[in-house]
Every structure is written in structure tokens, then in C-alpha cells.
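Source file: target.cif. Holds: mmCIF, C-alpha atoms and all ligand atoms.
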data_my_file
loop_
_atom_site.label_atom_id
_atom_site.label_comp_id
_atom_site.auth_asym_id
_atom_site.auth_seq_id
_atom_site.Cartn_x
_atom_site.Cartn_y
_atom_site.Cartn_z
CA MET A 1 16.01 173.49 -126.81
CA ILE A 2 14.08 176.77 -127.04
CA ASP A 3 12.51 177.88 -123.74
CA THR A 4 8.99 178.91 -124.70
CA VAL A 5 7.79 179.65 -121.13
CA PHE A 6 8.63 183.13 -119.86
CA ASP A 7 8.42 184.10 -116.19
CA ALA A 8 6.78 187.15 -114.65
CA GLU A 9 8.58 190.49 -114.69
CA SER A 10 9.86 191.65 -111.31
CA GLY A 11 7.06 193.36 -109.42
CA ALA A 12 4.63 190.55 -110.18
CA LEU A 13 2.24 189.30 -107.51
CA THR A 14 3.71 186.32 -105.63
CA ALA A 15 2.22 183.70 -103.31
CA ASP A 16 3.73 185.62 -100.36
CA ASP A 17 1.64 188.68 -101.29
CA LEU A 18 -1.66 186.79 -101.05
CA ASP A 19 -4.03 187.27 -98.12
CA PRO A 20 -4.21 183.80 -96.51
CA LEU A 21 -8.00 184.21 -96.30
CA ILE A 22 -8.41 184.96 -100.02
CA ASP A 23 -11.32 183.19 -101.72
CA LEU A 24 -9.32 181.86 -104.66
CA GLU A 25 -12.32 180.55 -106.62
CA ALA A 26 -14.09 183.93 -106.39
CA GLU A 27 -10.93 185.85 -107.31
CA ILE A 28 -10.19 183.58 -110.27
CA SER A 29 -13.74 184.09 -111.54
CA ARG A 30 -13.41 187.86 -111.12
CA VAL A 31 -10.09 188.04 -113.03
CA ARG A 32 -11.48 185.70 -115.69
CA ARG A 33 -14.43 188.05 -116.23
CA GLU A 34 -12.39 191.27 -116.15
CA LYS A 35 -9.70 190.00 -118.52
CA ASN A 36 -11.98 187.99 -120.85
CA ALA A 37 -10.00 184.84 -120.05
CA VAL A 38 -10.92 181.21 -120.59
CA ILE A 39 -9.66 178.40 -118.34
CA LEU A 40 -8.97 175.11 -120.13
CA ALA A 41 -8.11 172.07 -118.01
CA HIS A 42 -7.01 168.53 -118.74
CA TYR A 43 -8.72 165.62 -116.95
CA TYR A 44 -5.48 164.94 -115.03
CA GLN A 45 -5.67 168.21 -113.11
CA ASP A 46 -6.70 168.42 -109.44
CA PRO A 47 -10.50 168.38 -108.92
CA ASP A 48 -10.58 172.01 -107.73
CA ILE A 49 -8.97 173.10 -111.02
CA GLN A 50 -11.30 170.91 -113.10
CA ASP A 51 -14.30 172.36 -111.27
CA ILE A 52 -13.40 175.99 -111.94
CA ALA A 53 -12.43 175.45 -115.60
CA ASP A 54 -14.65 176.58 -118.47
CA PHE A 55 -13.84 173.39 -120.29
CA VAL A 56 -12.28 170.06 -119.27
CA GLY A 57 -11.18 167.62 -121.93
CA ASP A 58 -8.66 165.27 -123.49
CA SER A 59 -5.77 166.54 -125.62
CA LEU A 60 -7.80 166.65 -128.84
CA ASP A 61 -10.83 168.38 -127.29
CA LEU A 62 -8.56 170.95 -125.65
CA SER A 63 -6.75 171.66 -128.95
CA ARG A 64 -10.11 172.17 -130.64
CA LYS A 65 -11.33 174.40 -127.85
CA ALA A 66 -8.12 176.47 -128.02
CA ALA A 67 -8.54 176.81 -131.79
CA GLU A 68 -12.05 178.23 -131.52
CA THR A 69 -11.97 180.43 -128.40
CA ASP A 70 -12.62 184.16 -128.65
CA ALA A 71 -11.11 184.87 -125.21
CA ASP A 72 -8.15 187.25 -124.97
CA ILE A 73 -6.29 185.09 -122.43
CA ILE A 74 -6.08 181.29 -122.35
CA ALA A 75 -5.16 179.96 -118.89
CA PHE A 76 -4.05 176.43 -119.72
CA CYS A 77 -4.21 174.03 -116.78
CA GLY A 78 -2.27 171.12 -118.14
CA VAL A 79 1.34 170.66 -119.19
CA LYS A 80 3.65 172.74 -121.35
CA PHE A 81 3.13 170.97 -124.68
CA MET A 82 -0.62 171.57 -124.34
CA ALA A 83 -0.21 175.30 -123.61
CA GLU A 84 2.26 175.54 -126.51
CA GLY A 85 -0.37 173.97 -128.74
CA ALA A 86 -2.84 176.69 -127.74
CA LYS A 87 -0.27 179.40 -128.54
CA ILE A 88 0.64 177.81 -131.88
CA LEU A 89 -3.05 178.02 -132.84
CA ASN A 90 -3.55 181.51 -131.31
CA PRO A 91 -0.48 183.71 -131.84
CA GLY A 92 -2.41 186.87 -130.98
CA LYS A 93 -3.67 185.63 -127.60
CA THR A 94 -1.92 185.51 -124.25
CA VAL A 95 -1.47 181.90 -123.12
CA VAL A 96 -0.42 181.24 -119.52
CA LEU A 97 0.61 178.01 -117.79
CA PRO A 98 0.27 178.05 -113.96
CA ASP A 99 3.63 176.32 -113.37
CA ARG A 100 6.38 176.73 -115.93
CA GLU A 101 7.96 173.40 -114.88
CA ALA A 102 4.86 171.38 -115.86
CA GLY A 103 6.51 169.20 -118.51
CA CYS A 104 6.04 165.62 -119.69
CA SER A 105 8.32 162.55 -119.72
CA LEU A 106 7.39 161.87 -123.35
CA GLU A 107 8.43 165.37 -124.41
CA ASP A 108 11.67 165.00 -122.41
CA SER A 109 12.45 161.68 -124.12
CA CYS A 110 12.44 163.24 -127.57
CA GLN A 111 14.92 166.09 -127.97
CA PRO A 112 14.74 168.01 -131.27
CA ASP A 113 18.32 167.22 -132.41
CA ASP A 114 17.83 163.51 -131.76
CA PHE A 115 14.46 163.55 -133.48
CA LYS A 116 15.96 165.32 -136.50
CA ALA A 117 18.64 162.61 -136.72
CA PHE A 118 15.87 159.96 -136.52
CA ARG A 119 14.04 161.65 -139.39
CA ASP A 120 17.23 162.10 -141.43
CA ALA A 121 17.95 158.37 -141.06
CA HIS A 122 14.52 157.57 -142.60
CA PRO A 123 14.12 160.21 -145.35
CA ASP A 124 11.30 158.40 -147.18
CA HIS A 125 9.12 157.99 -144.04
CA THR A 126 6.14 160.11 -142.99
CA ALA A 127 6.68 161.34 -139.41
CA ILE A 128 3.50 160.98 -137.37
CA THR A 129 4.08 162.47 -133.93
CA TYR A 130 2.04 162.25 -130.74
CA ILE A 131 0.98 165.68 -129.50
CA ASN A 132 3.02 165.07 -126.29
CA CYS A 133 6.17 166.72 -127.72
CA SER A 134 7.82 170.13 -127.90
CA ALA A 135 6.99 172.80 -130.48
CA GLU A 136 10.39 172.09 -132.10
CA VAL A 137 9.61 168.39 -132.54
CA LYS A 138 6.17 169.30 -133.90
CA ALA A 139 7.86 171.57 -136.48
CA LEU A 140 10.02 168.61 -137.57
CA SER A 141 6.95 166.35 -138.00
CA ASP A 142 4.50 165.79 -140.86
CA ILE A 143 1.30 165.16 -138.88
CA ILE A 144 0.47 165.47 -135.17
CA VAL A 145 -1.96 163.01 -133.57
CA THR A 146 -3.55 162.41 -130.18
CA SER A 147 -4.69 159.08 -128.78
CA SER A 148 -8.25 159.98 -129.90
CA ASN A 149 -7.51 160.36 -133.59
CA ALA A 150 -4.19 158.54 -134.25
CA ALA A 151 -5.66 155.36 -135.76
CA ALA A 152 -8.11 157.26 -137.98
CA ILE A 153 -5.31 159.52 -139.25
CA ILE A 154 -2.89 156.63 -139.87
CA ASP A 155 -5.65 154.90 -141.86
CA GLN A 156 -5.64 157.90 -144.23
CA ILE A 157 -1.91 157.44 -145.08
CA PRO A 158 -1.38 155.35 -148.28
CA LYS A 159 -0.67 151.71 -147.37
CA ASP A 160 2.74 151.65 -149.08
CA GLN A 161 3.97 154.79 -147.28
CA PRO A 162 6.44 153.93 -144.47
CA ILE A 163 5.75 155.68 -141.14
CA LEU A 164 7.82 156.88 -138.18
CA PHE A 165 5.93 157.21 -134.91
CA ALA A 166 7.25 159.20 -131.92
CA PRO A 167 7.66 159.59 -129.01
CA ASP A 168 5.48 156.99 -127.17
CA LYS A 169 6.55 153.42 -127.93
CA HIS A 170 3.55 151.89 -126.13
CA LEU A 171 1.00 154.00 -127.99
CA GLY A 172 2.98 153.29 -131.17
CA ALA A 173 2.90 149.52 -130.56
CA PHE A 174 -0.85 149.71 -129.83
CA LEU A 175 -1.39 151.61 -133.10
CA ARG A 176 0.68 149.05 -134.97
CA ARG A 177 -1.64 146.31 -133.72
CA LYS A 178 -4.77 148.38 -134.34
CA THR A 179 -3.95 149.65 -137.85
CA GLY A 180 -1.80 146.73 -139.05
CA ARG A 181 0.90 149.22 -140.12
CA ASP A 182 4.56 148.39 -139.55
CA MET A 183 5.70 151.70 -138.06
CA THR A 184 9.22 152.50 -136.84
CA LEU A 185 8.89 153.63 -133.22
CA TRP A 186 10.71 156.15 -131.04
CA PRO A 187 11.50 154.58 -127.61
CA GLY A 188 9.77 157.11 -125.27
CA THR A 189 7.35 156.27 -122.44
CA CYS A 190 4.95 158.00 -120.06
CA ILE A 191 6.25 157.63 -116.51
CA VAL A 192 2.69 157.35 -115.19
CA HIS A 193 1.20 154.71 -117.49
CA GLU A 194 4.36 152.64 -117.54
CA GLN A 195 4.07 151.91 -113.80
CA PHE A 196 0.91 149.81 -113.82
CA ASN A 197 1.71 146.21 -112.91
CA GLU A 198 0.28 143.23 -114.77
CA ARG A 199 0.54 140.73 -111.89
CA GLU A 200 -1.23 143.09 -109.47
CA LEU A 201 -3.85 143.95 -112.10
CA VAL A 202 -4.69 140.27 -112.62
CA LYS A 203 -4.94 139.75 -108.84
CA LEU A 204 -7.27 142.78 -108.55
CA ALA A 205 -9.42 141.59 -111.47
CA THR A 206 -9.72 138.16 -109.83
CA ARG A 207 -11.11 139.84 -106.70
CA HIS A 208 -13.57 141.86 -108.88
CA PRO A 209 -14.69 139.34 -111.53
CA ASP A 210 -17.53 141.57 -112.81
CA ALA A 211 -15.39 144.68 -113.18
CA LYS A 212 -14.61 145.90 -116.70
CA ILE A 213 -11.02 147.02 -117.27
CA THR A 214 -10.36 150.22 -119.20
CA ALA A 215 -6.88 151.51 -120.06
CA HIS A 216 -5.12 154.38 -121.80
CA PRO A 217 -3.00 153.33 -124.82
CA GLU A 218 0.09 154.87 -123.19
CA CYS A 219 0.08 151.70 -121.01
CA PRO A 220 2.37 148.81 -121.99
CA GLU A 221 0.91 145.83 -123.87
CA SER A 222 1.14 143.73 -120.67
CA ILE A 223 -1.67 145.92 -119.29
CA LEU A 224 -3.59 146.57 -122.52
CA ARG A 225 -3.99 142.84 -123.19
CA HIS A 226 -6.31 142.62 -120.16
CA ALA A 227 -8.44 145.64 -121.10
CA ASP A 228 -12.07 145.49 -122.23
CA HIS A 229 -11.68 149.01 -123.57
CA ILE A 230 -8.66 151.11 -124.66
CA GLY A 231 -8.91 154.81 -125.42
CA SER A 232 -8.09 158.43 -124.66
CA THR A 233 -9.18 160.00 -121.39
CA ARG A 234 -12.46 161.18 -122.91
CA SER A 235 -13.10 157.78 -124.44
CA ILE A 236 -12.43 156.12 -121.05
CA LEU A 237 -14.89 158.53 -119.42
CA GLU A 238 -17.53 157.71 -122.04
CA PHE A 239 -16.95 153.97 -121.63
CA VAL A 240 -17.37 153.92 -117.85
CA THR A 241 -20.51 156.05 -117.98
CA THR A 242 -22.26 154.18 -120.82
CA GLU A 243 -21.11 150.55 -120.53
CA ASN A 244 -23.55 148.08 -119.02
CA ALA A 245 -21.52 147.38 -115.86
CA SER A 246 -21.31 148.86 -112.39
CA GLU A 247 -17.63 148.31 -111.51
CA PHE A 248 -14.56 149.43 -113.46
CA ILE A 249 -10.80 149.05 -113.04
CA VAL A 250 -9.18 152.15 -114.52
CA ALA A 251 -5.59 152.18 -115.85
CA THR A 252 -4.82 155.84 -116.35
CA GLU A 253 -3.90 158.90 -114.29
CA GLN A 254 -6.16 158.91 -111.23
CA HIS A 255 -7.58 162.45 -111.51
CA LEU A 256 -9.83 161.37 -114.39
CA MET A 257 -11.85 159.58 -111.69
CA HIS A 258 -13.17 162.97 -110.54
CA GLN A 259 -15.27 163.30 -113.70
CA MET A 260 -16.28 159.63 -113.49
CA GLN A 261 -17.58 160.05 -109.96
CA LYS A 262 -19.47 163.20 -110.94
CA ALA A 263 -21.02 161.62 -114.03
CA ALA A 264 -21.85 158.20 -112.51
CA PRO A 265 -21.91 158.42 -108.69
CA ASP A 266 -23.65 155.04 -108.42
CA ARG A 267 -20.79 153.22 -110.17
CA THR A 268 -17.55 151.97 -108.59
CA PHE A 269 -14.16 152.97 -110.00
CA ILE A 270 -11.00 151.21 -108.85
CA ALA A 271 -7.53 152.49 -109.73
CA ALA A 272 -5.33 149.94 -111.49
CA PRO A 273 -2.40 149.01 -109.21
CA GLY A 274 1.31 149.65 -109.44
CA ALA A 275 4.07 147.20 -108.50
CA ASP A 276 3.37 147.43 -104.75
CA GLY A 277 -0.35 146.84 -105.30
CA GLY A 278 -1.13 150.49 -104.49
CA CYS A 279 -2.34 153.19 -106.87
CA ASP A 280 -0.21 156.23 -105.93
CA CYS A 281 1.88 155.64 -109.04
CA ALA A 282 -1.05 156.82 -111.17
CA ASN A 283 -0.37 160.44 -110.37
CA CYS A 284 1.33 162.65 -112.96
CA PRO A 285 3.97 164.71 -111.12
CA PHE A 286 3.97 167.32 -113.89
CA MET A 287 0.22 167.91 -113.85
CA ALA A 288 0.39 168.04 -110.03
CA LEU A 289 2.61 171.16 -110.17
CA ASN A 290 -0.40 173.32 -111.07
CA SER A 291 -2.63 174.59 -108.26
CA LEU A 292 -5.52 177.04 -107.83
CA GLU A 293 -3.12 179.53 -106.27
CA LYS A 294 -0.69 179.32 -109.20
CA LEU A 295 -3.62 179.60 -111.63
CA TYR A 296 -4.74 182.81 -109.91
CA LEU A 297 -1.22 184.29 -109.95
CA ALA A 298 -0.76 183.33 -113.62
CA MET A 299 -4.00 185.07 -114.56
CA VAL A 300 -3.15 188.22 -112.60
CA ASN A 301 0.49 188.38 -113.75
CA GLU A 302 -0.20 187.05 -117.26
CA ALA A 303 2.83 184.85 -116.64
CA PRO A 304 4.38 182.29 -116.88
CA ARG A 305 3.51 183.03 -120.50
CA ILE A 306 4.07 180.95 -123.61
CA GLU A 307 6.01 182.83 -126.32
CA ILE A 308 7.10 180.97 -129.44
CA PRO A 309 9.38 182.46 -132.13
CA GLU A 310 7.24 183.04 -135.24
CA ASP A 311 9.24 180.77 -137.59
CA LEU A 312 9.00 177.93 -135.06
CA ARG A 313 5.29 178.59 -134.53
CA THR A 314 4.46 178.48 -138.25
CA GLY A 315 6.59 175.33 -138.61
CA ALA A 316 4.66 173.63 -135.79
CA LEU A 317 1.28 174.95 -136.97
CA ALA A 318 1.31 173.06 -140.29
CA PRO A 319 1.37 169.50 -138.81
CA LEU A 320 -1.00 170.54 -135.98
CA GLN A 321 -3.49 172.02 -138.44
CA ARG A 322 -3.15 168.86 -140.55
CA MET A 323 -4.23 166.91 -137.46
CA LEU A 324 -7.32 169.07 -136.96
CA ASP A 325 -8.20 168.77 -140.66
CA MET A 326 -7.76 164.97 -140.71
CA SER A 327 -9.55 164.23 -137.42
CA PRO A 328 -12.88 162.47 -137.55
CA LEU A 329 -16.02 164.46 -136.78
CA LYS A 330 -15.92 166.93 -133.95
CA PRO A 331 -17.37 165.44 -130.73
CA PRO A 332 -19.92 167.29 -128.57
CA ALA A 333 -18.42 169.74 -126.07
CA ARG A 334 -18.12 168.56 -122.47
CA ASN A 335 -18.26 171.26 -119.81
CA ALA A 336 -16.70 171.05 -116.39
CA ALA A 337 -19.86 171.74 -114.45
P1 LIG A 401 -5.47 162.26 -123.67
O1 LIG A 401 -6.20 163.14 -122.71
O2 LIG A 401 -5.48 162.83 -125.05
O3 LIG A 401 -5.97 160.86 -123.61
O4 LIG A 401 -3.92 162.26 -123.23
C1 LIG A 401 -3.47 161.71 -122.06
C2 LIG A 401 -2.19 162.29 -121.60
O5 LIG A 401 -1.33 161.63 -121.15
C3 LIG A 401 -2.00 163.71 -121.66
O6 LIG A 401 -0.75 163.99 -121.23
FE1 LIG A 402 3.20 163.25 -119.88
FE2 LIG A 402 2.36 160.96 -118.84
FE3 LIG A 402 2.06 163.19 -117.44
FE4 LIG A 402 0.56 162.78 -119.66
S1 LIG A 402 0.50 161.59 -117.76
S2 LIG A 402 1.65 164.66 -119.10
S3 LIG A 402 2.02 161.64 -120.94
S4 LIG A 402 4.03 162.26 -118.03
#

Now that the file is in, can you turn its structure into C-alpha cells?
Amino acid sequence: MIDTVFDAESGALTADDLDPLIDLEAEISRVRREKNAVILAHYYQDPDIQDIADFVGDSLDLSRKAAETDADIIAFCGVKFMAEGAKILNPGKTVVLPDREAGCSLEDSCQPDDFKAFRDAHPDHTAITYINCSAEVKALSDIIVTSSNAAAIIDQIPKDQPILFAPDKHLGAFLRRKTGRDMTLWPGTCIVHEQFNERELVKLATRHPDAKITAHPECPESILRHADHIGSTRSILEFVTTENASEFIVATEQHLMHQMQKAAPDRTFIAAPGADGGCDCANCPFMALNSLEKLYLAMVNEAPRIEIPEDLRTGALAPLQRMLDMSPLKPPARNAA
């Protein structure tokens, strides 16, 4: 596995060097201005990171934003595969990730050698791969998709063309049902979405009979079968702010609720429960590694930095660009503020 995240050189500013009274928001804004940087953040980041970002979005929106930015530095507040995506699209820009350990269980589940063997065992199949994977797995794929555009892209593949889908088996099973295509699935899962519990969800819904249930397609079918709406993080946000209801049960990572509460403060959002009936399980431990302090240090040090060997980058660019070309119409931009 190629390590694409490089640490700071010795002599870099560390957390120990920081004045405990530093105004991190003000300092981040200053460095952003001085270095012509843009801060992109996923909806699963802490609220303080979402609030300081130039743009907050789902995986597809963030890829599009990374493709069109004219900033010199992209500070990517998300996980490694997202920052790698920004670098693949912008080889001439500096891309930093606040915490180099911010990975993803789906990426971990799909190692390049194993994925290559999977492909080699199905030589006549088109490999459609969820964006939650390494640059190496992207380079071994035909088309990348996100949960926003996967069904629309699969619908463009000729009906008689067999398909491999990796690495999320729950998203793959959902897409099978939605598109009617018999795809061969890789057995990966998201450790966050897999923890929602059907029995507890039904009990919660019984106590809130008017609540609409919305879920991310990384959830297992046992959860999705109860949902009134299934979609990407942005689609969930749109549903809960436009649907004619005042109470929603939300089955995705809990930090998306920050944007929900900002956009619709008069509505009630309830986190879908885990096995113990609580909602702490809906917290991505990888996203949680990033912090305002690490974002500041990353912008000052320009590290941890994403660096991808050029042959790997061009290999991964082709299926990623195919995704952008095959995606349905570009949605309106959504700003953090
Ligand atoms: P989206 O924001 O594209 O729905 O993806 C969710 C996710 O799990 C990102 O890691
Ligand atoms: Fe990966 Fe799941 Fe975390 Fe998203 S929420 S980054 S899919 S582990």
C-alpha cells in the first residue's frame, strides 16, 4: 500500500508551540487569506470545522469543488480518500489533511492486491467503485461513484454488461434493488452505518409515529427497509429541510445534524439508535481525528500533505474524471455559513 500522506519536516510548528490563548478561528482565517487557501469540509466534521470551512458538502459536491477551485492550498477536512481525490484532480496544488490517520473502514476493507485479484477473477466485468477507497483501488477501477450519483451512472452502463461493485456491500445491495442490476459485490462495510439497530429503530419510531425516517445507503437493508427517504448526506439534508413534516429520525453520522439544526431550527431531529438504544455509535472515529488545532497546524506547516506518484495519480484520475463526466447535472453550491 502506497503511503500518500507525508508528515511535516522537523522544525514544523507543533501543538506544544501554540499559545494556549490563541484565537484559532482568527488565525486560521489569517493563514487562509495569506496563503490563498480554501477549506473544504465534509458534513461529518465537528461543527467548529464546518463553521469555518469555505464549503461543506457530501463526497460528490466536495470532489466538484476541489476540481474547480483556484486556491493554491486545499485544506481538506474529511478523511484520506477525500483529500487524495482533491490531489488527483489538482496535481499542482498543495493538499493537506489535518490528521494523517483519518482513514475509513471501507478503504481498509479493500486492499489493492485483493481488489486486483477480484477484478482478475471477473475479467469481463466493469468495475464500479465507491469513492471511499484508496488511490490505488481507484486506479484499478473503471468508474468511481458516490452515493449521490451511483444509480444514475449504473443506469448508463449497457444492460448486458456485468458489473463489480466495491467496497460497500450495503450500498451495493441498495443499488442492486434500485437499478435492478445483478452486481457482484465486495464485502466491505462502514463501521458507523453498520451499527444502527433495527429493533431499537422500530421502538423509537413507535414512540414518534409522525417522524419521517431518513437513512444513508451505507446502512444495512434491515434499517433501509424502514426509511421514508434514502440518500447521500446532502440528499438527507435536503429531505429534512423540505419535507412536509416536523420530526425526523436520522440514520447517518450524527454531525450532519449540525447543518440540519442551522437550516431548520424549528424541526426536531432524532439520531437513529444503536444496539444499546443510544446514538453514540453514529460517530465516525476517523472524521473525529481532525480538529481546529490540527487544521491550523496543517495550514501553517503545509503538512500532513498528500503526495501521489504521477503514474498512480493519472491511473486514478481516469475513473474519477469519468464519474464527474457521467454525473447528473451539477447541484447548486451550499456554503457553510
Ligand atoms: P456522502 O457524503 O457522499 O453521502 O458520503 C458519506 C460518507 O460516508 C463519507 O465517508
Ligand atoms: Fe468511512 Fe464510514 Fe467514516 Fe464515512 S462514516 S469515513 S464511510 S468509516

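Across the model, the gap from CA of Phe76 (chain A) to CA of Ile49 (chain A) is 10.5 Å.
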
Quiz item: Given the choices A:Arg313, A:His42, A:His208, A:Arg225, which gets closest to ligand LIG 402 (chain A) if the distance is worked out from all atoms listed in the file?
Solution: A:His42

Quiz item: When you draw a straight line from CA of His170 (chain A) to CA of Lys212 (chain A), how long is it in Å?
Solution: 21.3 Å

Practice problem: May I ask which of the residues A:Asp3, A:Asp182, A:Glu107, A:Glu307 is the closest one to ligand LIG 402 (chain A), counting all atoms listed in the file? | Solution: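 For ligand LIG 402 (chain A), the nearest of the given residues is A:Glu107.
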
Could you give me, as a Markdown table, every chain A residue with an atom at most 7 Å from ligand LIG 401 (chain A), plus its closest atom pair and distance in Å to one decimal, counting all atoms listed in the file, rows ordered by chain then number?
| residue | atom | partner | partner_atom | distance |
| --- | --- | --- | --- | --- |
| A:His42 | CA | A:LIG401 | O1 | 6.7 |
| A:Tyr43 | CA | A:LIG401 | O1 | 6.8 |
| A:Gly57 | CA | A:LIG401 | O1 | 6.7 |
| A:Asp58 | CA | A:LIG401 | O1 | 3.3 |
| A:Ser59 | CA | A:LIG401 | O2 | 3.8 |
| A:Leu60 | CA | A:LIG401 | O2 | 5.9 |
| A:Asn132 | CA | A:LIG401 | O6 | 6.4 |
| A:Thr146 | CA | A:LIG401 | O2 | 5.5 |
| A:Ser147 | CA | A:LIG401 | O2 | 5.3 |
| A:Ser148 | CA | A:LIG401 | O2 | 6.3 |
| A:His216 | CA | A:LIG401 | O3 | 6.8 |
| A:Gly231 | CA | A:LIG401 | O3 | 7.0 |
| A:Ser232 | CA | A:LIG401 | O3 | 3.4 |
| A:Thr233 | CA | A:LIG401 | O3 | 4.0 |
| A:Arg234 | CA | A:LIG401 | O3 | 6.5 |

For the selection you just gave me, I'd like the residues written to a file as a tab-separated table (two decimals), in the frame of the given file, keeping C-alpha atoms.
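This went into selection.tsv:
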chain	number	residue	atom	x	y	z
A	42	HIS	CA	-7.01	168.53	-118.74
A	43	TYR	CA	-8.72	165.62	-116.95
A	57	GLY	CA	-11.18	167.62	-121.93
A	58	ASP	CA	-8.66	165.27	-123.49
A	59	SER	CA	-5.77	166.54	-125.62
A	60	LEU	CA	-7.80	166.65	-128.84
A	132	ASN	CA	3.02	165.07	-126.29
A	146	THR	CA	-3.55	162.41	-130.18
A	147	SER	CA	-4.69	159.08	-128.78
A	148	SER	CA	-8.25	159.98	-129.90
A	216	HIS	CA	-5.12	154.38	-121.80
A	231	GLY	CA	-8.91	154.81	-125.42
A	232	SER	CA	-8.09	158.43	-124.66
A	233	THR	CA	-9.18	160.00	-121.39
A	234	ARG	CA	-12.46	161.18	-122.91

Quiz item: Counting only C-alpha atoms and all ligand atoms, which protein, DNA or RNA residues come within 8 Å of ligand LIG 402 (chain A), given as a ChimeraX atom specification?
Solution: /A:44,78-79,103-107,132,189-193,218,252-253,283-287

Quiz prompt | Contact residues around Glu136 (chain A) with all atoms listed in the file at 8 Å, ignoring same-chain residues under 5 positions, as a count of residues only | solution = 5

Quiz item: Hey, which of A:Ala173, A:Ile39, A:Ile270, A:Cys133 ends up closest to Leu224 (chain A)? Count all atoms listed in the file.
Solution: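 Among A:Ala173, A:Ile39, A:Ile270, A:Cys133, it is A:Ala173 that comes nearest to Leu224 (chain A).
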
Please, could all heavy atoms be added to region 230-237 of chain A and the result written as an mmCIF file, in the frame of the given file?
data_model
loop_
_atom_site.group_PDB
_atom_site.id
_atom_site.type_symbol
_atom_site.label_atom_id
_atom_site.label_comp_id
_atom_site.auth_asym_id
_atom_site.auth_seq_id
_atom_site.Cartn_x
_atom_site.Cartn_y
_atom_site.Cartn_z
ATOM 1 N N ILE A 230 -9.904 150.321 -124.626
ATOM 2 C CA ILE A 230 -8.660 151.110 -124.660
ATOM 3 C C ILE A 230 -8.985 152.420 -125.363
ATOM 4 O O ILE A 230 -9.579 152.414 -126.457
ATOM 5 C CB ILE A 230 -7.559 150.359 -125.462
ATOM 6 C CG1 ILE A 230 -7.246 149.010 -124.794
ATOM 7 C CG2 ILE A 230 -6.291 151.215 -125.576
ATOM 8 C CD1 ILE A 230 -6.396 148.080 -125.659
ATOM 9 N N GLY A 231 -8.623 153.540 -124.750
ATOM 10 C CA GLY A 231 -8.910 154.810 -125.420
ATOM 11 C C GLY A 231 -8.324 155.994 -124.677
ATOM 12 O O GLY A 231 -7.720 155.858 -123.601
ATOM 13 N N SER A 232 -8.547 157.172 -125.265
ATOM 14 C CA SER A 232 -8.090 158.430 -124.660
ATOM 15 C C SER A 232 -8.857 158.670 -123.372
ATOM 16 O O SER A 232 -9.828 157.963 -123.059
ATOM 17 C CB SER A 232 -8.349 159.589 -125.627
ATOM 18 O OG SER A 232 -9.718 159.953 -125.587
ATOM 19 N N THR A 233 -8.490 159.709 -122.644
ATOM 20 C CA THR A 233 -9.180 160.000 -121.390
ATOM 21 C C THR A 233 -10.673 160.216 -121.614
ATOM 22 O O THR A 233 -11.502 159.711 -120.868
ATOM 23 C CB THR A 233 -8.543 161.238 -120.716
ATOM 24 O OG1 THR A 233 -8.406 162.291 -121.660
ATOM 25 C CG2 THR A 233 -7.191 160.897 -120.124
ATOM 26 N N ARG A 234 -11.027 160.958 -122.666
ATOM 27 C CA ARG A 234 -12.460 161.180 -122.910
ATOM 28 C C ARG A 234 -13.171 159.885 -123.259
ATOM 29 O O ARG A 234 -14.284 159.612 -122.799
ATOM 30 C CB ARG A 234 -12.688 162.220 -124.023
ATOM 31 C CG ARG A 234 -14.184 162.361 -124.349
ATOM 32 C CD ARG A 234 -14.478 163.564 -125.224
ATOM 33 N NE ARG A 234 -13.710 163.587 -126.446
ATOM 34 C CZ ARG A 234 -14.023 162.897 -127.540
ATOM 35 N NH1 ARG A 234 -15.059 162.076 -127.544
ATOM 36 N NH2 ARG A 234 -13.287 163.011 -128.610
ATOM 37 N N SER A 235 -12.506 159.060 -124.048
ATOM 38 C CA SER A 235 -13.100 157.780 -124.440
ATOM 39 C C SER A 235 -13.281 156.879 -123.211
ATOM 40 O O SER A 235 -14.298 156.187 -123.077
ATOM 41 C CB SER A 235 -12.183 157.133 -125.488
ATOM 42 O OG SER A 235 -12.540 155.821 -125.711
ATOM 43 N N ILE A 236 -12.308 156.904 -122.287
ATOM 44 C CA ILE A 236 -12.430 156.120 -121.050
ATOM 45 C C ILE A 236 -13.641 156.621 -120.252
ATOM 46 O O ILE A 236 -14.452 155.837 -119.753
ATOM 47 C CB ILE A 236 -11.133 156.224 -120.209
ATOM 48 C CG1 ILE A 236 -10.002 155.458 -120.905
ATOM 49 C CG2 ILE A 236 -11.354 155.696 -118.788
ATOM 50 C CD1 ILE A 236 -8.639 155.596 -120.227
ATOM 51 N N LEU A 237 -13.771 157.942 -120.166
ATOM 52 C CA LEU A 237 -14.890 158.530 -119.420
ATOM 53 C C LEU A 237 -16.230 158.108 -120.048
ATOM 54 O O LEU A 237 -17.171 157.734 -119.342
ATOM 55 C CB LEU A 237 -14.739 160.054 -119.418
ATOM 56 C CG LEU A 237 -15.736 160.865 -118.619
ATOM 57 C CD1 LEU A 237 -15.774 160.438 -117.163
ATOM 58 C CD2 LEU A 237 -15.384 162.361 -118.723
#
